[in-house]
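Here is entry29.cif, consisting of mmCIF, C-alpha atoms:
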```
data_final
loop_
_atom_site.label_atom_id
_atom_site.label_comp_id
_atom_site.auth_asym_id
_atom_site.auth_seq_id
_atom_site.Cartn_x
_atom_site.Cartn_y
_atom_site.Cartn_z
CA MET G 6 87.68 115.10 177.04
CA ARG G 7 85.65 112.05 177.94
CA VAL G 8 83.13 111.89 180.77
CA ASP G 9 81.61 108.58 181.84
CA LEU G 10 78.37 108.96 183.79
CA LEU G 11 77.41 106.37 186.39
CA ARG G 12 74.25 106.41 188.44
CA HIS G 13 74.46 104.80 191.87
CA GLY G 14 73.11 101.27 192.37
CA SER G 15 69.99 100.09 194.19
CA LEU G 16 69.39 101.24 197.76
CA GLU G 17 68.16 99.77 201.00
CA GLY G 18 64.43 100.34 201.45
CA GLY G 19 63.38 99.96 197.83
CA VAL G 20 62.48 102.53 195.18
CA LYS G 21 61.61 105.97 196.58
CA TYR G 22 61.96 109.66 195.76
CA ARG G 23 64.94 110.07 198.06
CA GLY G 24 66.54 113.29 196.94
CA ARG G 25 68.86 114.03 199.86
CA VAL G 26 67.74 111.05 201.97
CA ASP G 27 71.02 109.16 202.21
CA ASP G 28 70.10 105.47 202.35
CA ALA G 29 72.83 102.86 201.95
CA LEU G 30 73.54 100.87 198.80
CA THR G 31 72.39 97.28 198.73
CA ALA G 32 75.04 94.62 198.16
CA GLU G 33 73.60 94.13 194.68
CA GLY G 34 73.67 97.86 193.99
CA ARG G 35 77.29 98.17 195.03
CA ALA G 36 78.23 95.14 192.93
CA ALA G 37 76.50 96.59 189.85
CA MET G 38 78.55 99.78 190.22
CA GLU G 39 81.71 97.75 190.67
CA THR G 40 81.02 95.93 187.39
CA VAL G 41 81.06 99.25 185.54
CA TRP G 42 84.18 100.38 187.39
CA MET G 43 86.01 97.23 186.34
CA ARG G 44 85.43 98.24 182.72
CA LEU G 45 86.87 101.71 183.39
CA ALA G 46 89.68 101.05 185.86
CA GLY G 47 93.00 102.13 184.36
CA ASP G 48 91.23 104.42 181.88
CA VAL G 49 90.18 107.25 184.23
CA ASP G 50 92.20 110.35 185.17
CA ARG G 51 89.80 111.77 187.75
CA ILE G 52 86.62 110.79 189.61
CA VAL G 53 83.94 113.35 190.45
CA ALA G 54 81.13 112.33 192.80
CA SER G 55 78.04 113.62 194.54
CA PRO G 56 78.58 114.08 198.29
CA LEU G 57 75.77 111.63 199.10
CA SER G 58 77.25 108.38 200.39
CA ARG G 59 75.63 106.19 197.72
CA CYS G 60 77.94 107.92 195.24
CA ALA G 61 80.84 109.14 197.37
CA GLU G 62 81.59 105.87 199.16
CA PRO G 63 82.35 103.76 196.07
CA ALA G 64 84.02 106.75 194.39
CA ARG G 65 86.45 107.11 197.32
CA ALA G 66 87.29 103.41 197.18
CA TRP G 67 87.93 103.51 193.43
CA ALA G 68 90.05 106.66 193.65
CA ARG G 69 92.24 105.07 196.32
CA ARG G 70 92.64 101.87 194.34
CA ALA G 71 93.41 103.65 191.08
CA GLY G 72 95.53 106.42 192.59
CA VAL G 73 93.53 109.16 190.87
CA PRO G 74 92.15 112.44 192.25
CA LEU G 75 88.63 112.53 193.65
CA SER G 76 86.45 115.65 193.65
CA ILE G 77 83.31 115.71 195.81
CA GLU G 78 80.94 118.01 193.93
CA PRO G 79 77.76 119.31 195.66
CA ARG G 80 76.35 120.62 192.37
CA VAL G 81 75.75 117.08 191.10
CA ALA G 82 73.84 115.96 194.21
CA GLU G 83 70.33 114.72 193.61
CA MET G 84 67.47 117.17 193.28
CA ARG G 85 65.92 118.21 196.59
CA TYR G 86 62.41 116.76 196.55
CA GLY G 87 60.99 118.63 199.54
CA ALA G 88 57.72 117.06 200.71
CA TRP G 89 58.32 114.06 198.42
CA GLU G 90 61.59 113.10 200.14
CA GLY G 91 61.57 109.46 201.21
CA LEU G 92 58.15 108.68 199.70
CA THR G 93 57.24 105.93 197.26
CA ALA G 94 55.29 106.71 194.09
CA ASP G 95 52.10 105.33 195.66
CA GLU G 96 52.56 107.53 198.74
CA ILE G 97 53.04 110.60 196.55
CA ARG G 98 49.90 109.79 194.56
CA SER G 99 47.93 109.47 197.79
CA ARG G 100 49.19 112.68 199.40
CA PHE G 101 49.54 114.86 196.27
CA PRO G 102 46.85 113.73 193.79
CA GLY G 103 47.75 114.33 190.16
CA MET G 104 51.19 115.82 190.82
CA LEU G 105 53.25 112.73 190.06
CA GLU G 106 51.53 112.25 186.72
CA GLN G 107 52.21 115.88 185.85
CA TRP G 108 55.84 115.48 186.95
CA ARG G 109 56.35 112.44 184.78
CA ALA G 110 54.80 114.11 181.76
CA ASN G 111 56.65 117.43 182.02
CA PRO G 112 58.07 118.86 185.25
CA GLU G 113 58.81 122.30 183.81
CA GLY G 114 57.21 125.07 185.86
CA MET G 115 56.21 122.69 188.67
CA GLN G 116 56.79 123.41 192.34
CA ILE G 117 56.76 120.39 194.62
CA PRO G 118 56.15 121.76 198.15
CA GLY G 119 59.48 122.67 199.71
CA ALA G 120 61.48 121.29 196.79
CA GLU G 121 64.04 122.54 194.34
CA THR G 122 62.57 123.16 190.89
CA VAL G 123 63.88 121.45 187.77
CA GLU G 124 64.90 124.90 186.56
CA ASP G 125 67.04 125.31 189.71
CA LEU G 126 68.56 121.90 189.08
CA SER G 127 69.33 122.86 185.50
CA VAL G 128 71.13 126.02 186.58
CA ARG G 129 73.52 124.18 188.89
CA ILE G 130 74.15 121.35 186.42
CA VAL G 131 74.91 123.78 183.59
CA ALA G 132 77.32 125.68 185.87
CA PHE G 133 78.99 122.43 186.91
CA TRP G 134 79.43 121.32 183.30
CA ALA G 135 80.93 124.64 182.23
CA GLY G 136 83.41 124.49 185.09
CA LEU G 137 84.34 120.88 184.41
CA ARG G 138 85.05 121.61 180.75
CA ALA G 139 87.13 124.67 181.61
CA GLU G 140 89.17 123.06 184.40
CA HIS G 141 89.64 119.50 183.14
CA ALA G 142 89.75 119.69 179.36
CA GLY G 143 91.41 116.61 177.87
CA GLU G 144 90.89 114.43 180.92
CA ARG G 145 89.07 111.11 181.21
CA ILE G 146 86.55 111.61 183.99
CA LEU G 147 84.13 109.34 185.81
CA LEU G 148 81.11 111.20 187.22
CA VAL G 149 79.19 109.25 189.89
CA ALA G 150 75.82 110.83 190.58
CA HIS G 151 72.04 110.47 190.47
CA SER G 152 69.13 109.99 188.12
CA GLY G 153 68.00 113.61 188.31
CA SER G 154 71.38 115.27 187.93
CA LEU G 155 72.63 112.92 185.21
CA ARG G 156 69.44 113.16 183.17
CA MET G 157 69.68 116.94 183.33
CA LEU G 158 73.31 116.86 182.20
CA ILE G 159 72.50 114.63 179.23
CA ALA G 160 69.59 116.88 178.21
CA HIS G 161 71.87 119.92 178.40
CA VAL G 162 74.60 118.29 176.32
CA MET G 163 72.03 117.33 173.69
CA GLY G 164 70.53 120.84 173.62
CA ALA G 165 67.18 119.31 174.56
CA PRO G 166 64.41 120.87 176.69
CA ILE G 167 64.12 119.99 180.37
CA ALA G 168 61.06 117.83 179.64
CA THR G 169 63.42 115.44 177.82
CA THR G 170 64.70 114.28 181.21
CA ARG G 171 61.43 112.38 181.66
CA ARG G 172 62.07 110.44 178.44
CA LEU G 173 65.52 109.16 179.42
CA ALA G 174 65.63 105.74 181.06
CA MET G 175 68.05 105.88 184.00
CA PRO G 176 68.06 102.54 185.86
CA TYR G 177 70.31 101.85 188.81
CA ALA G 178 74.00 101.64 187.82
CA CYS G 179 73.18 103.17 184.43
CA TRP G 180 76.38 103.91 182.48
CA SER G 181 76.54 106.60 179.78
CA ARG G 182 79.36 108.46 178.05
CA ILE G 183 79.87 112.01 176.79
CA ALA G 184 82.82 113.12 174.66
CA VAL G 185 83.96 116.67 173.96
CA ARG G 186 85.85 117.02 170.68
CA GLN G 187 86.86 120.33 169.13
CA GLY G 188 84.58 122.12 171.56
CA GLN G 189 81.51 120.03 170.70
CA ALA G 190 79.96 117.74 173.32
CA SER G 191 78.23 114.57 172.14
CA LEU G 192 76.46 111.68 173.86
CA LEU G 193 78.33 108.58 172.68
CA PHE G 194 76.11 106.02 174.42
CA HIS G 195 73.45 105.85 177.11
CA ASN G 196 72.27 103.11 179.49
CA HIS G 197 75.05 100.77 178.48
CA THR G 198 75.18 97.42 180.26
CA ALA G 199 78.62 96.47 181.47
CA PRO G 200 79.40 92.74 181.21
CA ALA G 201 80.74 91.07 184.31
CA PRO G 202 84.54 90.82 184.54
CA GLY G 203 85.73 88.03 182.29
CA GLU G 204 82.72 88.21 179.97
CA ARG G 205 83.06 89.44 176.41
CA PRO G 206 81.46 92.88 175.82
#
```

Here is a file; write its structure as structure tokens.
Amino acid sequence: MRVDLLRHGSLEGGVKYRGRVDDALTAEGRAAMETVWMRLAGDVDRIVASPLSRCAEPARAWARRAGVPLSIEPRVAEMRYGAWEGLTADEIRSRFPGMLEQWRANPEGMQIPGAETVEDLSVRIVAFWAGLRAEHAGERILLVAHSGSLRMLIAHVMGAPIATTRRLAMPYACWSRIAVRQGQASLLFHNHTAPAPGERP
């Protein structure tokens, strides 16, 4: 089983803690995702995507073009950020002094007002991963999701604590790969840069 992980590209309105705020991809963000897809097209059996449009819209287009099944999976949606939804880092610092610094150091045990906890996020990601392995063993899968959900999945696969998620770079259109061989999951690469079509890797 091979699972390629792709974070969505950049979004209209700049960098924010969006969570479930469903802003549109920029043209550049969509193109960056397409560059990764062009490396994978023809080598994917199934696409799984978050229901948020920044993931689902390109995933639907790729599934149609490749003629492969698409699963829209709510469990890999971005973390719900509650009172931080739609705010920039500077706005969070102003309204919630000290919380962002604590979050970036170690979010375990934190409760952002009205938000999902990282422990809640971990529970749904672990359940998703167990189901994916049971139902799609041996398949080549592309998972299109978010910084929060993908970081949590990588930490789980590596057997690392939740705090590790804050040490994983996850830029827009970040591409990583997990392989499951003889029951053992391994991170093969992380934050790979896909060359443009026609360029040598």

- Message: I'd like to see the residues matched by the PyMOL selection byres ((chain G and resi 70-77) around 10) on this file, and ideally I'd get them as a PyMOL selection string.
- Response: chain G and resi 46-57+60-61+64-69+78-82+146-149

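Minimum atom-to-atom distance to G:Gly19, evaluated using all atoms listed in the file, belongs to G:Ala94 out of G:Val41, G:Ala132, G:Met6, G:Ala94.
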
- Item | Output of the PyMOL selection byres ((chain G and resi 28) around 7), listed as number ranges by chain | G: 16-17, 26-27, 29-30

- Item | Two-atom distance - atom CA of G:His151, atom CA of G:His13 (Å) |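 Separating atom CA of G:His151 from atom CA of G:His13 is a distance of 6.3 Å.
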
- Message: Running the PyMOL selection byres ((chain G and resi 93) around 8) on this model by hand, what would come out? Give it as a list of chain:residue names.
- Response: G:Val20, G:Lys21, G:Tyr22, G:Gly91, G:Leu92, G:Ala94, G:Asp95, G:Glu96, G:Ile97

- Query: Near G:Pro166, counting all atoms listed in the file, which residues have an atom at most 12 Å away, once you skip same-chain residues fewer than 5 positions from it, shown as a list in words?
  - Reply: Asn111, Pro112, Glu113, Val123, Glu124, Ser127, Arg156, Met157, Leu158, Ile159, Ala160, His161, Arg171 and Arg172 of chain G

Take the residues from that selection and put them in a file with C-alpha atoms, as a PDB file, in the frame of the given file.
```
ATOM      1  CA  ASN G 111      56.650 117.430 182.020  1.00  0.00           C
ATOM      2  CA  PRO G 112      58.070 118.860 185.250  1.00  0.00           C
ATOM      3  CA  GLU G 113      58.810 122.300 183.810  1.00  0.00           C
ATOM      4  CA  VAL G 123      63.880 121.450 187.770  1.00  0.00           C
ATOM      5  CA  GLU G 124      64.900 124.900 186.560  1.00  0.00           C
ATOM      6  CA  SER G 127      69.330 122.860 185.500  1.00  0.00           C
ATOM      7  CA  ARG G 156      69.440 113.160 183.170  1.00  0.00           C
ATOM      8  CA  MET G 157      69.680 116.940 183.330  1.00  0.00           C
ATOM      9  CA  LEU G 158      73.310 116.860 182.200  1.00  0.00           C
ATOM     10  CA  ILE G 159      72.500 114.630 179.230  1.00  0.00           C
ATOM     11  CA  ALA G 160      69.590 116.880 178.210  1.00  0.00           C
ATOM     12  CA  HIS G 161      71.870 119.920 178.400  1.00  0.00           C
ATOM     13  CA  ARG G 171      61.430 112.380 181.660  1.00  0.00           C
ATOM     14  CA  ARG G 172      62.070 110.440 178.440  1.00  0.00           C
TER      15      ARG G 172
END
```

- Message: So that I can see what lies close to stretch 31-38 of chain G, please list as number ranges by chain the residues with an atom at most 9 Å from it, counting only C-alpha atoms and leaving out residues fewer than 5 positions away in the same chain.
- Response: G: 11-18, 43, 59, 63, 177-179, 199, 201

Would you mind putting N, CA, C and O atoms back on stretch 147-173 of chain G and writing the result as a short mmCIF file (atom, residue, chain, number, x, y, z; two decimals), in the frame of the given file?
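Once written, selection-v5.cif looks like this:
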```cif
data_model
loop_
_atom_site.label_atom_id
_atom_site.label_comp_id
_atom_site.auth_asym_id
_atom_site.auth_seq_id
_atom_site.Cartn_x
_atom_site.Cartn_y
_atom_site.Cartn_z
N LEU G 147 85.29 110.12 185.40
CA LEU G 147 84.13 109.34 185.81
C LEU G 147 83.30 110.20 186.75
O LEU G 147 83.79 110.65 187.79
N LEU G 148 82.04 110.43 186.40
CA LEU G 148 81.11 111.20 187.22
C LEU G 148 80.11 110.24 187.84
O LEU G 148 79.36 109.55 187.12
N VAL G 149 80.08 110.16 189.17
CA VAL G 149 79.19 109.25 189.89
C VAL G 149 78.11 110.10 190.56
O VAL G 149 78.40 110.89 191.46
N ALA G 150 76.87 109.93 190.10
CA ALA G 150 75.82 110.83 190.58
C ALA G 150 74.46 110.13 190.55
O ALA G 150 74.37 108.93 190.77
N HIS G 151 73.42 110.90 190.24
CA HIS G 151 72.04 110.47 190.47
C HIS G 151 71.20 110.58 189.20
O HIS G 151 71.56 111.28 188.24
N SER G 152 70.05 109.96 189.25
CA SER G 152 69.13 109.99 188.12
C SER G 152 68.80 111.42 187.69
O SER G 152 68.90 111.77 186.52
N GLY G 153 68.41 112.24 188.65
CA GLY G 153 68.00 113.61 188.31
C GLY G 153 69.12 114.44 187.73
O GLY G 153 68.97 115.09 186.68
N SER G 154 70.27 114.43 188.39
CA SER G 154 71.38 115.27 187.93
C SER G 154 71.97 114.76 186.62
O SER G 154 72.33 115.56 185.74
N LEU G 155 72.06 113.45 186.44
CA LEU G 155 72.63 112.92 185.21
C LEU G 155 71.69 113.09 184.03
O LEU G 155 72.12 113.39 182.92
N ARG G 156 70.40 112.89 184.24
CA ARG G 156 69.44 113.16 183.17
C ARG G 156 69.52 114.61 182.72
O ARG G 156 69.48 114.91 181.52
N MET G 157 69.62 115.52 183.68
CA MET G 157 69.68 116.94 183.33
C MET G 157 70.95 117.24 182.56
O MET G 157 70.93 118.04 181.59
N LEU G 158 72.06 116.64 182.92
CA LEU G 158 73.31 116.86 182.20
C LEU G 158 73.21 116.35 180.77
O LEU G 158 73.63 117.04 179.82
N ILE G 159 72.64 115.18 180.58
CA ILE G 159 72.50 114.63 179.23
C ILE G 159 71.61 115.53 178.38
O ILE G 159 71.91 115.83 177.23
N ALA G 160 70.48 115.99 178.95
CA ALA G 160 69.59 116.88 178.21
C ALA G 160 70.32 118.15 177.80
O ALA G 160 70.17 118.63 176.67
N HIS G 161 71.12 118.70 178.71
CA HIS G 161 71.87 119.92 178.40
C HIS G 161 72.86 119.69 177.27
O HIS G 161 72.95 120.49 176.33
N VAL G 162 73.60 118.60 177.35
CA VAL G 162 74.60 118.29 176.32
C VAL G 162 73.93 118.13 174.95
O VAL G 162 74.47 118.56 173.93
N MET G 163 72.73 117.56 174.94
CA MET G 163 72.03 117.33 173.69
C MET G 163 71.26 118.57 173.20
O MET G 163 70.67 118.55 172.12
N GLY G 164 71.28 119.65 173.99
CA GLY G 164 70.53 120.84 173.62
C GLY G 164 69.03 120.61 173.64
O GLY G 164 68.28 121.26 172.91
N ALA G 165 68.58 119.70 174.50
CA ALA G 165 67.18 119.31 174.56
C ALA G 165 66.47 120.04 175.71
O ALA G 165 67.11 120.43 176.69
N PRO G 166 65.15 120.22 175.62
CA PRO G 166 64.41 120.87 176.69
C PRO G 166 64.40 120.03 177.96
O PRO G 166 64.62 118.81 177.92
N ILE G 167 64.13 120.68 179.09
CA ILE G 167 64.12 119.99 180.37
C ILE G 167 63.16 118.81 180.38
O ILE G 167 63.44 117.77 180.98
N ALA G 168 62.03 118.93 179.68
CA ALA G 168 61.06 117.83 179.64
C ALA G 168 61.66 116.54 179.11
O ALA G 168 61.17 115.44 179.41
N THR G 169 62.75 116.63 178.34
CA THR G 169 63.42 115.44 177.82
C THR G 169 63.92 114.54 178.93
O THR G 169 64.03 113.32 178.75
N THR G 170 64.20 115.10 180.09
CA THR G 170 64.70 114.28 181.21
C THR G 170 63.73 113.18 181.58
O THR G 170 64.13 112.14 182.11
N ARG G 171 62.44 113.39 181.33
CA ARG G 171 61.43 112.38 181.66
C ARG G 171 61.33 111.30 180.59
O ARG G 171 60.54 110.37 180.73
N ARG G 172 62.08 111.43 179.51
CA ARG G 172 62.07 110.44 178.44
C ARG G 172 63.37 109.63 178.40
O ARG G 172 63.56 108.83 177.50
N LEU G 173 64.24 109.86 179.35
CA LEU G 173 65.52 109.16 179.42
C LEU G 173 65.44 108.07 180.48
O LEU G 173 65.28 108.37 181.67
#
```
